file model-v3.tsv (TSV, C-alpha atoms)
chain	number	residue	atom	x	y	z
J	511	MET	CA	92.34	105.29	82.76
J	512	ALA	CA	90.69	103.09	85.37
J	513	VAL	CA	89.77	99.54	86.27
J	514	VAL	CA	85.99	99.28	86.12
J	515	ILE	CA	83.59	96.61	87.36
J	516	LYS	CA	80.41	96.46	85.28
J	517	GLU	CA	79.19	93.10	86.60
J	518	LEU	CA	79.88	91.18	89.79
J	519	GLY	CA	81.96	88.02	89.94
J	520	GLY	CA	85.53	86.81	89.75
J	521	PRO	CA	88.74	88.60	88.74
J	522	GLU	CA	87.65	88.44	85.11
J	523	CYS	CA	85.14	91.20	85.93
J	524	LEU	CA	87.99	93.69	86.35
J	525	LYS	CA	88.16	95.61	83.05
J	526	LEU	CA	90.77	98.21	82.14
J	527	VAL	CA	89.13	101.24	80.53
J	528	HIS	CA	91.61	103.56	78.83
J	529	ASN	CA	89.16	106.40	78.16
J	530	HIS	CA	87.59	106.49	81.62
J	531	PRO	CA	86.58	110.10	82.33
J	532	THR	CA	88.37	112.26	84.88
J	533	PRO	CA	85.97	112.93	87.77
J	534	GLN	CA	84.42	116.38	88.12
J	535	LEU	CA	85.33	118.42	91.19
J	536	ARG	CA	82.58	118.77	93.81
J	537	PRO	CA	82.30	120.84	97.00
J	538	GLY	CA	84.10	119.22	99.92
J	539	HIS	CA	86.22	117.06	97.60
J	540	ALA	CA	89.63	116.90	95.98
J	541	ILE	CA	90.83	115.18	92.81
J	542	ILE	CA	93.82	112.96	93.48
J	543	GLN	CA	96.24	111.97	90.73
J	544	ASN	CA	97.06	108.50	91.96
J	545	GLN	CA	100.54	107.05	92.05
J	546	TYR	CA	99.65	103.93	94.08
J	547	ALA	CA	96.57	101.89	94.89
J	548	GLY	CA	96.45	99.44	97.76
J	549	LEU	CA	95.30	95.86	97.21
J	550	ASN	CA	93.18	94.61	100.11
J	551	PHE	CA	90.92	91.67	100.81
J	552	ILE	CA	87.94	94.03	101.08
J	553	ASP	CA	88.31	94.69	97.33
J	554	THR	CA	87.16	91.14	96.64
J	555	TYR	CA	84.04	91.72	98.74
J	556	PHE	CA	83.01	94.62	96.52
J	557	ARG	CA	83.87	92.68	93.37
J	558	LYS	CA	81.73	89.72	94.43
J	559	GLY	CA	78.87	91.89	95.73
J	560	LEU	CA	79.20	90.98	99.41
J	561	TYR	CA	79.66	94.71	100.01
J	562	LYS	CA	77.35	96.84	97.90
J	563	ALA	CA	78.35	99.44	95.34
J	564	ALA	CA	76.23	100.70	92.45
J	565	LEU	CA	77.33	99.27	89.10
J	566	PRO	CA	79.46	100.20	87.28
J	567	PHE	CA	82.11	101.26	89.77
J	568	VAL	CA	85.86	101.67	90.15
J	569	PRO	CA	87.15	99.37	92.93
J	570	GLY	CA	90.01	99.95	95.32
J	571	GLN	CA	89.58	101.14	98.90
J	572	GLU	CA	93.03	102.65	99.44
J	573	GLY	CA	95.19	104.95	97.37
J	574	GLY	CA	97.70	107.75	97.35
J	575	GLY	CA	99.04	110.48	95.12
J	576	THR	CA	99.06	114.23	94.61
J	577	ILE	CA	96.19	116.69	95.01
J	578	LEU	CA	95.45	117.83	91.45
J	579	ALA	CA	92.50	120.05	92.36
J	580	ILE	CA	90.57	120.92	95.50
J	581	SER	CA	87.23	122.68	95.92
J	582	SER	CA	87.52	126.40	96.50
J	583	ASP	CA	86.02	126.29	99.99
J	584	ASP	CA	88.49	123.64	101.12
J	585	ASN	CA	91.44	125.33	99.41
J	586	ARG	CA	91.10	128.21	101.88
J	587	ASP	CA	91.76	125.73	104.66
J	588	SER	CA	95.55	125.57	104.94
J	589	THR	CA	95.39	121.85	105.87
J	590	PHE	CA	95.48	120.79	102.21
J	591	GLN	CA	96.72	122.51	99.08
J	592	VAL	CA	97.13	121.58	95.43
J	593	GLY	CA	100.35	119.58	95.11
J	594	ASP	CA	100.17	117.98	98.55
J	595	VAL	CA	101.04	114.28	98.70
J	596	VAL	CA	98.24	112.37	100.43
J	597	VAL	CA	96.78	108.94	101.13
J	598	TYR	CA	93.09	108.15	101.48
J	599	GLY	CA	90.66	105.35	102.19
J	600	THR	CA	87.61	105.53	99.95
J	601	LEU	CA	86.24	103.57	97.00
J	602	GLY	CA	87.68	104.28	93.57
J	603	ALA	CA	91.46	103.93	93.92
J	604	TYR	CA	92.01	101.68	90.88
J	605	ALA	CA	92.17	104.72	88.62
J	606	GLN	CA	94.46	107.43	87.34
J	607	TYR	CA	92.30	110.06	89.06
J	608	THR	CA	89.98	109.68	92.06
J	609	LEU	CA	87.47	112.10	93.60
J	610	VAL	CA	87.99	111.95	97.36
J	611	PRO	CA	86.19	113.74	100.23
J	612	VAL	CA	88.62	116.13	101.88
J	613	THR	CA	87.72	114.55	105.22
J	614	GLN	CA	89.25	111.28	103.99
J	615	LEU	CA	92.65	112.74	103.12
J	616	VAL	CA	95.80	112.26	105.21
J	617	LYS	CA	98.94	114.21	104.36
J	618	VAL	CA	102.04	112.05	104.01
J	619	PRO	CA	105.06	113.20	106.06
J	620	GLN	CA	108.16	114.02	104.03
J	621	ASN	CA	110.16	111.27	105.73
J	622	VAL	CA	107.68	108.55	104.67
J	623	SER	CA	107.66	107.29	101.07
J	624	LEU	CA	104.29	107.22	99.36
J	625	ASP	CA	104.40	103.50	98.57
J	626	ILE	CA	104.93	102.71	102.26
J	627	ALA	CA	102.21	105.16	103.32
J	628	VAL	CA	99.65	103.59	101.00
J	629	SER	CA	100.59	100.02	101.85
J	630	CYS	CA	100.19	100.57	105.59
J	631	TYR	CA	97.10	102.82	105.59
J	632	THR	CA	94.13	100.42	105.78
J	633	GLN	CA	95.94	97.53	107.45
J	634	GLY	CA	97.91	99.82	109.74
J	635	LEU	CA	94.86	101.71	111.00
J	636	THR	CA	93.03	98.42	111.55
J	637	ALA	CA	95.96	96.98	113.49
J	638	HIS	CA	96.20	100.16	115.54
J	639	TYR	CA	92.62	100.07	116.82
J	640	LEU	CA	92.83	96.31	117.39
J	641	THR	CA	95.83	96.74	119.67
J	642	THR	CA	94.83	99.97	121.40
J	643	SER	CA	91.03	100.07	121.67
J	644	VAL	CA	89.25	96.80	121.00
J	645	HIS	CA	90.38	95.07	124.20
J	646	CYS	CA	88.81	97.92	126.26
J	647	GLY	CA	91.75	98.14	128.63
J	648	MET	CA	91.59	94.48	129.69
J	649	LEU	CA	95.07	93.95	128.22
J	650	GLN	CA	97.84	95.58	130.22
J	651	THR	CA	101.63	95.81	130.00
J	652	ASN	CA	103.28	92.36	130.17
J	653	ASP	CA	99.97	90.54	129.62
J	654	TRP	CA	99.96	87.76	127.04
J	655	CYS	CA	97.97	88.05	123.82
J	656	LEU	CA	97.54	85.60	120.95
J	657	ILE	CA	97.58	86.86	117.36
J	658	TYR	CA	96.83	84.45	114.54
J	659	SER	CA	98.46	84.69	111.11
J	660	VAL	CA	101.24	87.11	112.03
J	661	GLY	CA	102.93	86.50	108.70
J	662	SER	CA	100.17	88.23	106.76
J	663	GLY	CA	98.78	91.70	106.34
J	664	THR	CA	97.00	93.30	109.25
J	665	CYS	CA	98.13	90.79	111.86
J	666	GLN	CA	101.80	91.33	111.03
J	667	TRP	CA	101.25	95.01	111.80
J	668	ALA	CA	99.23	94.12	114.90
J	669	ALA	CA	101.99	91.95	116.35
J	670	GLN	CA	104.48	94.80	116.04
J	671	MET	CA	102.09	97.35	117.52
J	672	ALA	CA	101.18	95.03	120.39
J	673	LYS	CA	104.87	94.68	121.18
J	674	ILE	CA	105.29	98.47	121.14
J	675	GLN	CA	102.35	98.72	123.58
J	676	GLY	CA	104.27	96.47	125.97
J	677	TYR	CA	102.21	93.31	125.57
J	678	LYS	CA	103.74	89.84	125.31
J	679	VAL	CA	102.85	88.34	121.95
J	680	ILE	CA	102.23	84.75	120.93
J	681	GLY	CA	101.89	84.53	117.16
J	682	THR	CA	100.97	81.80	114.71
J	683	CYS	CA	102.11	81.48	111.12
J	684	SER	CA	102.68	78.89	108.42
J	685	GLN	CA	106.05	77.25	107.86
J	686	SER	CA	106.67	79.24	104.68
J	687	LYS	CA	106.37	82.55	106.53
J	688	ALA	CA	108.21	81.66	109.73
J	689	ALA	CA	111.58	83.10	108.65
J	690	ALA	CA	110.04	86.46	107.71
J	691	VAL	CA	108.12	86.65	110.98
J	692	LYS	CA	111.22	85.88	113.02
J	693	GLU	CA	113.14	88.57	111.13
J	694	VAL	CA	110.54	91.18	112.15
J	695	GLY	CA	110.97	90.06	115.75
J	696	ALA	CA	107.57	91.14	117.07
J	697	CYS	CA	106.59	87.82	118.68
J	698	ASP	CA	107.86	86.64	122.05
J	699	GLU	CA	106.73	83.15	121.11
J	700	LEU	CA	105.91	81.81	117.66
J	701	ILE	CA	103.76	78.74	116.94
J	702	VAL	CA	104.66	77.49	113.47
J	703	LEU	CA	101.96	75.50	111.68
J	704	LYS	CA	102.11	73.14	108.75
J	705	GLU	CA	100.36	74.25	105.58
J	706	VAL	CA	97.22	72.61	104.21
J	707	GLU	CA	98.39	70.10	101.60
J	708	GLY	CA	98.56	71.75	98.21
J	709	MET	CA	97.70	75.18	99.65
J	710	SER	CA	99.64	78.15	101.00
J	711	TYR	CA	97.64	78.70	104.19
J	712	SER	CA	98.03	77.24	107.66
J	713	ASP	CA	96.57	73.96	108.87
J	714	TYR	CA	95.29	74.94	112.32
J	715	GLY	CA	94.88	71.30	113.26
J	716	SER	CA	98.54	70.47	112.69
J	717	VAL	CA	99.57	71.76	116.13
J	718	ASP	CA	97.73	71.70	119.46
J	719	ILE	CA	97.61	75.49	119.80
J	720	VAL	CA	95.69	75.43	123.08
J	721	ALA	CA	98.32	73.21	124.72
J	722	LYS	CA	101.12	75.36	123.35
J	723	VAL	CA	99.55	78.60	124.61
J	724	MET	CA	98.81	77.17	128.05
J	725	ASP	CA	102.39	75.89	128.31
J	726	ILE	CA	103.85	79.26	127.30
J	727	THR	CA	101.65	81.17	129.77
J	728	ASN	CA	102.08	78.75	132.70
J	729	GLN	CA	98.45	77.60	132.36
J	730	GLN	CA	97.11	81.16	132.62
J	731	GLY	CA	95.97	81.60	129.01
J	732	VAL	CA	95.84	84.99	127.29
J	733	LYS	CA	93.93	88.20	127.97
J	734	CYS	CA	93.24	89.00	124.32
J	735	ILE	CA	93.07	87.13	121.01
J	736	LEU	CA	93.21	88.85	117.62
J	737	ASP	CA	91.64	86.44	115.17
J	738	GLY	CA	91.60	87.37	111.51
J	739	VAL	CA	90.97	83.77	110.43
J	740	GLY	CA	87.60	82.74	111.87
J	741	LYS	CA	86.17	79.33	111.06
J	742	SER	CA	89.38	77.36	111.60
J	743	THR	CA	90.27	79.11	114.86
J	744	VAL	CA	87.11	80.08	116.72
J	745	ASP	CA	86.91	76.85	118.76
J	746	ILE	CA	90.62	77.04	119.54
J	747	SER	CA	90.19	80.58	120.83
J	748	LEU	CA	87.22	79.73	123.03
call {"tool": "encode", "arguments": {"input": "model-v3.tsv", "output": "structure tokens"}}
result
Amino acid sequence: MAVVIKELGGPECLKLVHNHPTPQLRPGHAIIQNQYAGLNFIDTYFRKGLYKAALPFVPGQEGGGTILAISSDDNRDSTFQVGDVVVYGTLGAYAQYTLVPVTQLVKVPQNVSLDIAVSCYTQGLTAHYLTTSVHCGMLQTNDWCLIYSVGSGTCQWAAQMAKIQGYKVIGTCSQSKAAAVKEVGACDELIVLKEVEGMSYSDYGSVDIVAKVMDITNQQGVKCILDGVGKSTVDISL
């Protein structure tokens, strides 16, 4: 069983195929019996054709389950064995079984549940490199950073990781997500924005973010901005 995309377009292009064949084992690969598949924004890019994949294809860039079979060469490597619980990041997760390169597998620690491991894999790794590598060392302990949309996905992870790194975090979020963000407690300062009328996302013109940031930082500004929004925020950031 798998969700298959045979033509590009909207959500209606996602078709459940009950008799989808189990993939054949290849050298350097393992067959994963999936228990979870992650849902990520990148999946819509493949569905619409912004990112290319040969039709037909099984979408889903993130999954997790049990190793059902592994190529004989890789089975001799004690890193992975049949029965191991793993997560991975490669196309084809919206299926009962997925063929995954062994190099893309990550073993899940026993003290981490598989649903949590899958849900944090893509977004968590992205947040990690954003808060540890992208700023090239320009951001140091106790420096201020600004992270947009800390109530959603990757940036919620990033705010927590930035705090662990010792940075001071200014976050933005919509009114509907403010309580959840405050409960996480990753932001030193939170700028709460109104939502666009009739929508669930933030109106970045509803608050003077520049003035707020400059007031919080004593007119110094921030050393780093993590912007997962783009069009509505680029001028504010600059």
call {"tool": "closest_residue", "arguments": {"input": "model-v3.tsv", "among": "J:Val628, J:Ile719, J:Val706, J:Ala512", "to": "Phe567 of chain J", "atoms": "all atoms listed in the file"}}
result
J:Ala512
call {"tool": "residues_around", "arguments": {"input": "model-v3.tsv", "residues": "Leu700 of chain J", "least_positions_apart": "6", "cutoff": "10 Å", "atoms": "all atoms listed in the file", "output": "ChimeraX atom specification"}}
result
/J:656-658,660,679-683,688,691-692,722-723
call {"tool": "closest_residue", "arguments": {"input": "model-v3.tsv", "among": "J:Gly676, J:Ile552, J:Ser684, J:Gln730", "to": "Glu707 of chain J", "atoms": "only C-alpha atoms"}}
result
J:Ser684
call {"tool": "atom_distance", "arguments": {"input": "model-v3.tsv", "atom1": "atom CA of Cys665 of chain J", "atom2": "atom CA of Thr641 of chain J"}}
result
10.1 Å
call {"tool": "closest_residue", "arguments": {"input": "model-v3.tsv", "among": "J:Ile626, J:Ile580, J:Met511, J:Tyr677", "to": "Ala603 of chain J", "atoms": "all atoms listed in the file"}}
result
J:Met511
call {"tool": "atom_distance", "arguments": {"input": "model-v3.tsv", "atom1": "atom CA of Gln670 of chain J", "atom2": "atom CA of Cys697 of chain J"}}
result
7.8 Å
call {"tool": "residues_around", "arguments": {"input": "model-v3.tsv", "residues": "Leu565 of chain J", "least_positions_apart": "6", "cutoff": "8 Å", "atoms": "all atoms listed in the file", "output": "list of chain:residue names"}}
result
J:Ile515, J:Lys516, J:Glu517
call {"tool": "atom_distance", "arguments": {"input": "model-v3.tsv", "atom1": "atom CA of His539 of chain J", "atom2": "atom CA of Tyr555 of chain J"}}
result
25.5 Å
call {"tool": "residues_near_point", "arguments": {"input": "model-v3.tsv", "point": "(100.4, 99.0, 125.1)", "cutoff": "7 Å", "atoms": "all atoms listed in the file", "output": "list of chain:residue names"}}
result
J:Thr642, J:Gln650, J:Thr651, J:Ala672, J:Ile674, J:Gln675, J:Gly676, J:Tyr677
call {"tool": "closest_residue", "arguments": {"input": "model-v3.tsv", "among": "J:Val527, J:Leu518, J:Met671, J:Gly663", "to": "Tyr561 of chain J", "atoms": "only C-alpha atoms"}}
result
J:Leu518
call {"tool": "closest_residue", "arguments": {"input": "model-v3.tsv", "among": "J:Asn652, J:Ala540, J:Leu549, J:Pro566", "to": "Ser582 of chain J", "atoms": "all atoms listed in the file"}}
result
J:Ala540
call {"tool": "residues_around", "arguments": {"input": "model-v3.tsv", "residues": "Gly519 of chain J", "least_positions_apart": "6", "cutoff": "12 Å", "atoms": "all atoms listed in the file", "output": "list of chain:residue names"}}
result
J:Lys525, J:Asp553, J:Thr554, J:Tyr555, J:Phe556, J:Arg557, J:Lys558, J:Gly559, J:Leu560
call {"tool": "closest_residue", "arguments": {"input": "model-v3.tsv", "among": "J:Trp667, J:Trp654, J:Phe551, J:Tyr546", "to": "Ala696 of chain J", "atoms": "only C-alpha atoms"}}
result
J:Trp667
call {"tool": "residues_around", "arguments": {"input": "model-v3.tsv", "residues": "Gly593 of chain J", "least_positions_apart": "5", "cutoff": "10 Å", "atoms": "all atoms listed in the file", "output": "list in words"}}
result
Ile542, Gln543, Gly575, Thr576, Ile577, Leu578, Ala579 and Ile580 of chain J
call {"tool": "residues_around", "arguments": {"input": "model-v3.tsv", "residues": "Gln685 of chain J", "least_positions_apart": "6", "cutoff": "9 Å", "atoms": "all atoms listed in the file", "output": "list in words"}}
result
Val702, Leu703, Lys704, Glu705 and Ser712 of chain J
call {"tool": "decode", "arguments": {"input": "model-v3.tsv", "residues": "segment 561-608 of chain J", "atoms": "N, CA and C atoms", "output": "mmCIF file, in the first residue's frame"}}
result
data_model
loop_
_atom_site.group_PDB
_atom_site.id
_atom_site.type_symbol
_atom_site.label_atom_id
_atom_site.label_comp_id
_atom_site.auth_asym_id
_atom_site.auth_seq_id
_atom_site.Cartn_x
_atom_site.Cartn_y
_atom_site.Cartn_z
ATOM 1 N N TYR J 561 9.967 20.836 -7.128
ATOM 2 C CA TYR J 561 11.109 19.929 -7.036
ATOM 3 C C TYR J 561 10.793 18.732 -7.916
ATOM 4 N N LYS J 562 11.766 18.268 -8.665
ATOM 5 C CA LYS J 562 11.515 17.277 -9.700
ATOM 6 C C LYS J 562 11.649 15.848 -9.181
ATOM 7 N N ALA J 563 10.699 15.026 -9.582
ATOM 8 C CA ALA J 563 10.754 13.582 -9.377
ATOM 9 C C ALA J 563 10.044 12.932 -10.559
ATOM 10 N N ALA J 564 10.595 11.844 -11.046
ATOM 11 C CA ALA J 564 10.014 11.171 -12.214
ATOM 12 C C ALA J 564 8.653 10.570 -11.848
ATOM 13 N N LEU J 565 7.661 10.841 -12.676
ATOM 14 C CA LEU J 565 6.318 10.299 -12.471
ATOM 15 C C LEU J 565 6.255 8.856 -12.961
ATOM 16 N N PRO J 566 5.447 8.018 -12.301
ATOM 17 C CA PRO J 566 4.777 8.250 -11.010
ATOM 18 C C PRO J 566 5.785 8.077 -9.870
ATOM 19 N N PHE J 567 5.479 8.660 -8.712
ATOM 20 C CA PHE J 567 6.364 8.485 -7.574
ATOM 21 C C PHE J 567 5.566 8.481 -6.278
ATOM 22 N N VAL J 568 6.191 7.926 -5.246
ATOM 23 C CA VAL J 568 5.627 7.922 -3.898
ATOM 24 C C VAL J 568 6.234 9.094 -3.151
ATOM 25 N N PRO J 569 5.432 10.044 -2.686
ATOM 26 C CA PRO J 569 5.968 11.216 -1.981
ATOM 27 C C PRO J 569 6.340 10.882 -0.542
ATOM 28 N N GLY J 570 6.737 11.919 0.175
ATOM 29 C CA GLY J 570 7.125 11.759 1.569
ATOM 30 C C GLY J 570 8.626 11.719 1.713
ATOM 31 N N GLN J 571 9.187 12.690 2.416
ATOM 32 C CA GLN J 571 10.632 12.875 2.505
ATOM 33 C C GLN J 571 11.187 12.417 3.850
ATOM 34 N N GLU J 572 10.336 11.849 4.696
ATOM 35 C CA GLU J 572 10.746 11.543 6.067
ATOM 36 C C GLU J 572 9.888 10.399 6.595
ATOM 37 N N GLY J 573 10.552 9.363 7.113
ATOM 38 C CA GLY J 573 9.786 8.237 7.610
ATOM 39 C C GLY J 573 10.553 7.470 8.665
ATOM 40 N N GLY J 574 9.888 6.466 9.223
ATOM 41 C CA GLY J 574 10.532 5.649 10.236
ATOM 42 C C GLY J 574 9.809 4.339 10.419
ATOM 43 N N GLY J 575 10.561 3.319 10.788
ATOM 44 C CA GLY J 575 9.982 2.001 11.000
ATOM 45 C C GLY J 575 11.062 0.997 11.323
ATOM 46 N N THR J 576 10.839 -0.241 10.910
ATOM 47 C CA THR J 576 11.731 -1.349 11.224
ATOM 48 C C THR J 576 12.409 -1.858 9.963
ATOM 49 N N ILE J 577 13.688 -2.194 10.062
ATOM 50 C CA ILE J 577 14.400 -2.781 8.919
ATOM 51 C C ILE J 577 13.851 -4.176 8.676
ATOM 52 N N LEU J 578 13.209 -4.356 7.518
ATOM 53 C CA LEU J 578 12.635 -5.641 7.135
ATOM 54 C C LEU J 578 13.671 -6.516 6.433
ATOM 55 N N ALA J 579 14.520 -5.873 5.636
ATOM 56 C CA ALA J 579 15.580 -6.579 4.911
ATOM 57 C C ALA J 579 16.700 -5.594 4.635
ATOM 58 N N ILE J 580 17.913 -6.111 4.548
ATOM 59 C CA ILE J 580 19.072 -5.269 4.263
ATOM 60 C C ILE J 580 20.005 -6.049 3.354
ATOM 61 N N SER J 581 20.639 -5.369 2.418
ATOM 62 C CA SER J 581 21.509 -6.064 1.462
ATOM 63 C C SER J 581 22.621 -6.803 2.189
ATOM 64 N N SER J 582 23.041 -7.915 1.616
ATOM 65 C CA SER J 582 23.975 -8.804 2.309
ATOM 66 C C SER J 582 25.279 -8.106 2.663
ATOM 67 N N ASP J 583 25.783 -7.249 1.796
ATOM 68 C CA ASP J 583 27.030 -6.546 2.084
ATOM 69 C C ASP J 583 26.876 -5.653 3.313
ATOM 70 N N ASP J 584 25.736 -4.976 3.396
ATOM 71 C CA ASP J 584 25.530 -4.045 4.502
ATOM 72 C C ASP J 584 25.152 -4.765 5.785
ATOM 73 N N ASN J 585 24.604 -5.978 5.663
ATOM 74 C CA ASN J 585 24.227 -6.740 6.847
ATOM 75 C C ASN J 585 25.448 -7.183 7.645
ATOM 76 N N ARG J 586 26.607 -7.268 6.968
ATOM 77 C CA ARG J 586 27.838 -7.645 7.668
ATOM 78 C C ARG J 586 28.387 -6.491 8.502
ATOM 79 N N ASP J 587 27.918 -5.287 8.183
ATOM 80 C CA ASP J 587 28.285 -4.121 8.987
ATOM 81 C C ASP J 587 27.367 -4.087 10.197
ATOM 82 N N SER J 588 27.940 -4.169 11.387
ATOM 83 C CA SER J 588 27.134 -4.288 12.603
ATOM 84 C C SER J 588 26.339 -3.028 12.924
ATOM 85 N N THR J 589 26.502 -1.944 12.117
ATOM 86 C CA THR J 589 25.755 -0.708 12.395
ATOM 87 C C THR J 589 24.256 -0.934 12.316
ATOM 88 N N PHE J 590 23.811 -1.698 11.309
ATOM 89 C CA PHE J 590 22.378 -1.941 11.125
ATOM 90 C C PHE J 590 22.123 -3.422 10.927
ATOM 91 N N GLN J 591 21.016 -3.879 11.517
ATOM 92 C CA GLN J 591 20.600 -5.268 11.394
ATOM 93 C C GLN J 591 19.097 -5.309 11.149
ATOM 94 N N VAL J 592 18.630 -6.422 10.576
ATOM 95 C CA VAL J 592 17.195 -6.631 10.435
ATOM 96 C C VAL J 592 16.541 -6.527 11.813
ATOM 97 N N GLY J 593 15.456 -5.779 11.881
ATOM 98 C CA GLY J 593 14.740 -5.573 13.137
ATOM 99 C C GLY J 593 15.057 -4.264 13.830
ATOM 100 N N ASP J 594 16.133 -3.585 13.384
ATOM 101 C CA ASP J 594 16.460 -2.288 13.985
ATOM 102 C C ASP J 594 15.370 -1.268 13.686
ATOM 103 N N VAL J 595 15.116 -0.404 14.652
ATOM 104 C CA VAL J 595 14.165 0.695 14.469
ATOM 105 C C VAL J 595 14.944 1.923 14.017
ATOM 106 N N VAL J 596 14.537 2.498 12.879
ATOM 107 C CA VAL J 596 15.307 3.572 12.254
ATOM 108 C C VAL J 596 14.394 4.682 11.750
ATOM 109 N N VAL J 597 14.988 5.852 11.531
ATOM 110 C CA VAL J 597 14.358 6.939 10.777
ATOM 111 C C VAL J 597 15.230 7.221 9.569
ATOM 112 N N TYR J 598 14.655 7.912 8.594
ATOM 113 C CA TYR J 598 15.400 8.224 7.369
ATOM 114 C C TYR J 598 14.820 9.465 6.714
ATOM 115 N N GLY J 599 15.604 10.050 5.836
ATOM 116 C CA GLY J 599 15.140 11.197 5.056
ATOM 117 C C GLY J 599 15.412 10.983 3.590
ATOM 118 N N THR J 600 14.476 10.365 2.900
ATOM 119 C CA THR J 600 14.594 10.140 1.462
ATOM 120 C C THR J 600 13.198 9.973 0.879
ATOM 121 N N LEU J 601 13.044 10.235 -0.386
ATOM 122 C CA LEU J 601 11.722 10.220 -1.021
ATOM 123 C C LEU J 601 11.102 8.822 -0.970
ATOM 124 N N GLY J 602 9.787 8.785 -0.716
ATOM 125 C CA GLY J 602 9.067 7.523 -0.769
ATOM 126 C C GLY J 602 8.468 7.050 0.543
ATOM 127 N N ALA J 603 8.307 7.953 1.499
ATOM 128 C CA ALA J 603 7.869 7.551 2.842
ATOM 129 C C ALA J 603 6.369 7.309 2.961
ATOM 130 N N TYR J 604 5.569 7.791 2.008
ATOM 131 C CA TYR J 604 4.118 7.594 2.096
ATOM 132 C C TYR J 604 3.764 6.190 1.602
ATOM 133 N N ALA J 605 4.307 5.193 2.241
ATOM 134 C CA ALA J 605 4.113 3.816 1.780
ATOM 135 C C ALA J 605 4.268 2.858 2.948
ATOM 136 N N GLN J 606 3.768 1.644 2.744
ATOM 137 C CA GLN J 606 3.942 0.611 3.757
ATOM 138 C C GLN J 606 5.398 0.160 3.827
ATOM 139 N N TYR J 607 6.055 0.111 2.656
ATOM 140 C CA TYR J 607 7.457 -0.294 2.587
ATOM 141 C C TYR J 607 8.224 0.707 1.725
ATOM 142 N N THR J 608 9.445 1.050 2.147
ATOM 143 C CA THR J 608 10.266 1.994 1.404
ATOM 144 C C THR J 608 11.683 1.452 1.275
#
